[in-house]
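A.B. asks: Dropping in data_37.cif, which is mmCIF, C-alpha atoms:
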data_work
loop_
_atom_site.label_atom_id
_atom_site.label_comp_id
_atom_site.auth_asym_id
_atom_site.auth_seq_id
_atom_site.Cartn_x
_atom_site.Cartn_y
_atom_site.Cartn_z
CA MET A 1 0.11 8.82 -2.30
CA MET A 2 0.94 7.36 1.05
CA LEU A 3 0.25 3.67 0.94
CA TYR A 4 2.06 2.70 4.08
CA ARG A 5 0.23 2.38 7.36
CA SER A 6 -0.08 5.80 8.92
CA TYR A 7 -0.21 4.44 12.48
CA GLN A 8 3.27 2.92 12.19
CA SER A 9 5.87 4.97 14.05
CA TYR A 10 8.97 6.21 12.25
CA CYS A 11 11.17 4.24 14.66
CA HIS A 12 9.30 1.06 13.79
CA ARG A 13 9.59 1.85 10.09
CA LEU A 14 13.33 2.47 10.49
CA GLN A 15 13.72 -0.87 12.25
CA HIS A 16 11.86 -2.50 9.36
CA ASP A 17 13.97 -0.68 6.73
CA MET A 18 17.34 -1.10 8.49
CA TYR A 19 18.34 -4.33 6.73
CA PHE A 20 17.35 -2.93 3.34
CA LEU A 21 19.31 0.28 3.91
CA THR A 22 22.47 -1.41 5.18
CA SER A 23 22.56 -4.35 2.75
CA THR A 24 24.52 -4.52 -0.49
CA SER A 25 25.88 -0.98 -0.27
CA ARG A 26 22.73 0.84 -1.35
CA LEU A 27 24.16 4.07 0.04
CA ASN A 28 27.55 5.45 -0.87
CA GLU A 29 29.85 7.58 1.26
CA GLN A 30 28.71 10.83 -0.32
CA VAL A 31 24.98 10.22 0.34
CA VAL A 32 25.60 9.16 3.95
CA ASP A 33 27.67 12.32 4.50
CA LYS A 34 24.91 14.47 3.03
CA ILE A 35 22.33 12.87 5.33
CA VAL A 36 24.54 13.30 8.40
CA LEU A 37 25.30 16.91 7.50
CA GLN A 38 21.64 17.70 6.94
CA LEU A 39 20.68 16.17 10.28
CA ASN A 40 23.48 18.17 11.92
CA ARG A 41 23.17 21.53 10.18
CA VAL A 42 19.47 21.82 9.40
CA TYR A 43 18.35 20.02 12.56
CA PRO A 44 21.16 20.45 15.12
CA GLN A 45 18.86 19.07 17.81
CA ILE A 46 18.87 15.75 15.91
CA LEU A 47 22.67 15.34 15.66
CA THR A 48 25.20 17.36 17.61
CA ASN A 49 28.56 18.28 16.08
CA GLU A 50 30.32 15.48 17.99
CA GLU A 51 27.76 12.89 16.87
CA ALA A 52 28.02 14.09 13.26
CA GLU A 53 31.82 13.78 13.38
CA LYS A 54 31.48 10.26 14.76
CA PHE A 55 29.16 9.19 11.93
CA ARG A 56 31.36 10.86 9.28
CA ASN A 57 34.63 9.39 10.55
CA PRO A 58 36.36 7.78 7.54
CA LYS A 59 38.39 5.46 9.82
CA ALA A 60 35.30 3.32 10.45
CA SER A 61 33.62 1.41 7.64
CA LEU A 62 30.63 2.99 5.96
CA HIS A 63 28.42 0.04 6.92
CA THR A 64 29.36 0.36 10.61
CA ARG A 65 28.90 4.13 10.69
CA PHE A 66 25.56 3.99 8.95
CA SER A 67 24.28 1.13 11.12
CA ASP A 68 25.36 3.04 14.21
CA LEU A 69 23.59 6.16 12.95
CA LEU A 70 20.34 4.27 12.44
CA LYS A 71 20.55 2.67 15.90
CA HIS A 72 21.36 6.06 17.44
CA LEU A 73 18.33 7.68 15.79
CA GLN A 74 16.06 4.86 16.96
CA LYS A 75 17.20 5.37 20.55
CA LYS A 76 16.55 9.13 20.30
CA GLY A 77 12.91 8.73 19.31
CA ASP A 78 10.31 9.09 16.61
CA ARG A 79 11.06 12.73 15.70
CA HIS A 80 14.71 11.89 15.01
CA CYS A 81 13.73 8.95 12.80
CA GLN A 82 11.24 11.14 10.96
CA GLU A 83 13.94 13.69 10.17
CA PHE A 84 16.19 10.89 8.93
CA TYR A 85 13.48 9.85 6.46
CA ARG A 86 13.14 13.47 5.35
CA ALA A 87 16.91 13.72 4.79
CA LEU A 88 16.90 10.39 2.94
CA GLN A 89 14.09 11.56 0.68
CA ILE A 90 15.94 14.77 -0.16
CA ASN A 91 19.35 13.16 -0.75
CA ALA A 92 18.42 9.74 -2.16
CA GLU A 93 14.86 9.94 -3.46
CA GLN A 94 14.95 6.73 -5.49
CA LEU A 95 16.20 4.75 -2.51
CA PHE A 96 13.54 6.39 -0.32
CA ASN A 97 10.82 5.32 -2.77
CA ASP A 98 12.14 1.73 -2.80
CA LEU A 99 12.05 1.30 0.99
CA PRO A 100 10.12 -1.77 2.20
CA SER A 101 8.09 0.35 4.60
CA ARG A 102 6.84 2.40 1.64
CA LYS A 103 5.54 -0.80 0.05
CA ILE A 104 3.30 -1.83 2.94
CA LEU A 105 -0.25 -1.30 1.82
CA SER A 106 -3.12 -0.20 4.00
CA PRO A 107 -6.19 -2.38 4.61
CA VAL A 108 -8.30 0.15 2.70
CA PHE A 109 -6.16 -0.47 -0.38
CA PHE A 110 -6.75 -4.24 -0.11
CA LEU A 111 -10.48 -3.68 0.34
CA ALA A 112 -10.57 -1.42 -2.71
CA CYS A 113 -8.67 -3.99 -4.79
CA PHE A 114 -10.97 -6.77 -3.64
CA SER A 115 -14.04 -4.68 -4.48
CA VAL A 116 -12.73 -3.94 -7.96
CA ALA A 117 -11.91 -7.62 -8.51
CA ALA A 118 -15.36 -8.71 -7.31
CA GLY A 119 -17.01 -6.10 -9.53
CA LEU A 120 -14.99 -7.21 -12.56
CA ALA A 121 -15.81 -10.86 -11.85
CA LEU A 122 -19.52 -10.06 -11.65
CA PHE A 123 -19.32 -7.98 -14.81
CA TRP A 124 -17.48 -10.78 -16.63
CA TYR A 125 -20.04 -13.32 -15.44
CA CYS A 126 -22.93 -11.15 -16.58
CA CYS A 127 -21.41 -10.42 -20.00
CA ASN A 128 -20.37 -14.01 -20.70
CA SER A 129 -23.68 -15.61 -19.77
CA GLY A 130 -25.33 -14.02 -22.80
CA PRO A 131 -29.11 -13.86 -22.89
CA GLY A 132 -29.29 -16.27 -19.99
CA LEU A 133 -28.67 -13.51 -17.45
CA ALA A 134 -31.15 -10.68 -17.36
CA VAL A 135 -31.55 -8.18 -14.59
CA LEU A 136 -35.07 -6.84 -14.14
CA TRP A 137 -36.80 -4.78 -11.51
CA GLY A 138 -39.95 -5.92 -9.83
CA CYS A 139 -40.01 -9.37 -8.27
CA LEU A 140 -39.15 -9.86 -4.64
CA GLU A 141 -40.23 -13.49 -4.31
CA PRO A 142 -38.73 -16.70 -5.73
CA CYS A 143 -40.19 -17.53 -9.11
CA THR A 144 -39.68 -20.63 -11.23
CA SER A 145 -42.13 -19.85 -13.99
CA GLY A 146 -40.94 -20.77 -17.43
CA GLY A 147 -43.77 -19.10 -19.29
CA GLN A 148 -44.22 -15.64 -20.58
CA ARG A 149 -45.32 -14.24 -17.24
CA CYS A 150 -43.86 -14.73 -13.78
CA GLY A 151 -46.20 -16.87 -11.71
CA SER A 152 -45.36 -15.02 -8.53
CA CYS A 153 -45.89 -11.40 -9.41
CA GLY A 154 -47.07 -11.44 -13.00
CA CYS A 155 -44.19 -9.45 -14.47
CA SER A 156 -43.30 -10.27 -18.07
CA LEU A 157 -40.12 -12.16 -18.87
CA PRO A 158 -37.65 -10.88 -21.48
CA SER A 159 -38.02 -12.33 -24.96
CA ALA A 160 -34.58 -13.98 -24.82
CA LEU A 161 -35.73 -16.00 -21.80
CA GLN A 162 -39.01 -16.95 -23.45
CA GLN A 163 -37.11 -18.87 -26.14
CA LYS A 164 -35.86 -21.62 -23.74
CA PRO A 165 -38.36 -21.81 -20.90
CA GLY A 166 -37.52 -25.41 -19.99
CA GLN A 167 -33.86 -24.64 -19.18
CA LEU A 168 -34.61 -21.61 -17.05
CA THR A 169 -33.64 -21.17 -13.40
CA GLN A 170 -34.71 -17.89 -11.89
CA LEU A 171 -33.64 -16.18 -8.71
CA PHE A 172 -35.23 -13.03 -7.33
CA LEU A 173 -33.42 -11.03 -4.63
CA CYS A 174 -33.86 -7.50 -3.34
CA GLY A 175 -35.85 -6.28 -6.30
CA LEU A 176 -33.40 -7.66 -8.86
CA ARG A 177 -34.09 -10.80 -10.86
CA ALA A 178 -31.13 -12.70 -12.27
CA ASN A 179 -31.82 -15.54 -14.69
CA SER A 180 -29.25 -18.08 -15.82
CA PHE A 181 -29.34 -21.24 -17.87
#
As structure tokens, please, write out the structure in this file.
C.D. replies:
Amino acid sequence: MMLYRSYQSYCHRLQHDMYFLTSTSRLNEQVVDKIVLQLNRVYPQILTNEEAEKFRNPKASLHTRFSDLLKHLQKKGDRHCQEFYRALQINAEQLFNDLPSRKILSPVFFLACFSVAAGLALFWYCCNSGPGLAVLWGCLEPCTSGGQRCGSCGCSLPSALQQKPGQLTQLFLCGLRANSF
């Protein structure tokens, strides 16, 4: 499931992930070499032979080479960054799944979570209010009758509500009647 924002460019994602990727030696020499070789051999339009040699040069530190590779890919454009992510996923899947840009959630996800939370809160409220909350069909007008029949529309009240008519507050909205003590 893709939870990250789909409108975010790969270059922007790479900029966001750069610190994570280059910090605390998350990638070793072997994985970086595999990524560079894949970008060079499978996608020679992404990295030329000279560029691949530059980023695989053991004389420079791994951190420097990898940082330079990421900056180089960002300058080249979105397609190059996309292929880097593909190579990273193939060669270091766990690291790819842990990227910060993969953790950014879409607004739809937040809306869904909020809806579930609101539904659970309503369900909890309804279940914990015991016989004091009854949902009935029928009334569309406010009604404060405490008797056996609603004074507004004449519908009958549930037997649980008839037991404590003096403590009853009733609210009728959109065809649903919710009663609470």
A.B. asks: Quick check on the file I pasted: which residues fall under the PyMOL selection byres ((chain A and resi 81) around 10)? Write them as a ChimeraX atom specification.
C.D. replies: /A:9-15,46,70-80,82-87
A.B. asks: One decimal, Å: what's the distance from CA of Arg56 (chain A) over to CA of Ser101 (chain A), could you say?
C.D. replies: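 Spanning CA of Arg56 (chain A) to CA of Ser101 (chain A) is a straight-line distance of 26.0 Å.
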A.B. asks: For Gln8 (chain A), which residue out of A:Glu93, A:Arg102, A:Asn49, A:Leu111 is the nearest one, using only C-alpha atoms?
C.D. replies: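 Distance minimum relative to Gln8 (chain A) lands on A:Arg102.
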A.B. asks: With distances taken over only C-alpha atoms, which residue among A:Leu47, A:Leu95, A:Ala117, A:Ala52 lies nearest Phe20 (chain A)?
C.D. replies: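 Smallest distance to Phe20 (chain A) is found for A:Leu95.
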A.B. asks: Since I can't run it myself right now, could you work out what the PyMOL selection byres ((chain A and resi 22-31) around 8) selects here and report it as a short mmCIF file (atom, residue, chain, number, x, y, z; two decimals) with C-alpha atoms, in the coordinates of the input?
C.D. replies:
data_model
loop_
_atom_site.label_atom_id
_atom_site.label_comp_id
_atom_site.auth_asym_id
_atom_site.auth_seq_id
_atom_site.Cartn_x
_atom_site.Cartn_y
_atom_site.Cartn_z
CA MET A 18 17.34 -1.10 8.49
CA TYR A 19 18.34 -4.33 6.73
CA PHE A 20 17.35 -2.93 3.34
CA LEU A 21 19.31 0.28 3.91
CA VAL A 32 25.60 9.16 3.95
CA ASP A 33 27.67 12.32 4.50
CA LYS A 34 24.91 14.47 3.03
CA ILE A 35 22.33 12.87 5.33
CA LEU A 62 30.63 2.99 5.96
CA HIS A 63 28.42 0.04 6.92
CA PHE A 66 25.56 3.99 8.95
CA SER A 67 24.28 1.13 11.12
CA ASN A 91 19.35 13.16 -0.75
CA ALA A 92 18.42 9.74 -2.16
CA LEU A 95 16.20 4.75 -2.51
#
A.B. asks: Find the distance between CA of Gln38 (chain A) and CA of Thr64 (chain A) and write it in Å to one decimal.
C.D. replies: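 So the answer is 19.3 Å.
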A.B. asks: Would you list the contacts of Arg65 (chain A) as a list in words, taking every protein, DNA or RNA residue within 8 Å and counting all atoms listed in the file, but skipping same-chain residues closer than 3 positions in sequence?
C.D. replies: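 Answer for this query is Lys54, Phe55, Arg56, Asn57, Ala60, Ser61, Leu62, Asp68 and Leu69 of chain A.
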A.B. asks: Between CA of Val36 (chain A) and CA of Glu51 (chain A), what is the distance, to one decimal in Å?
C.D. replies: 9.1 Å
A.B. asks: Compare A:Val116, A:Ala121, A:Glu53, A:Asp98 by their minimum atom-to-atom distance to Leu37 (chain A), counting only C-alpha atoms, and give me the closest one.
C.D. replies: A:Glu53
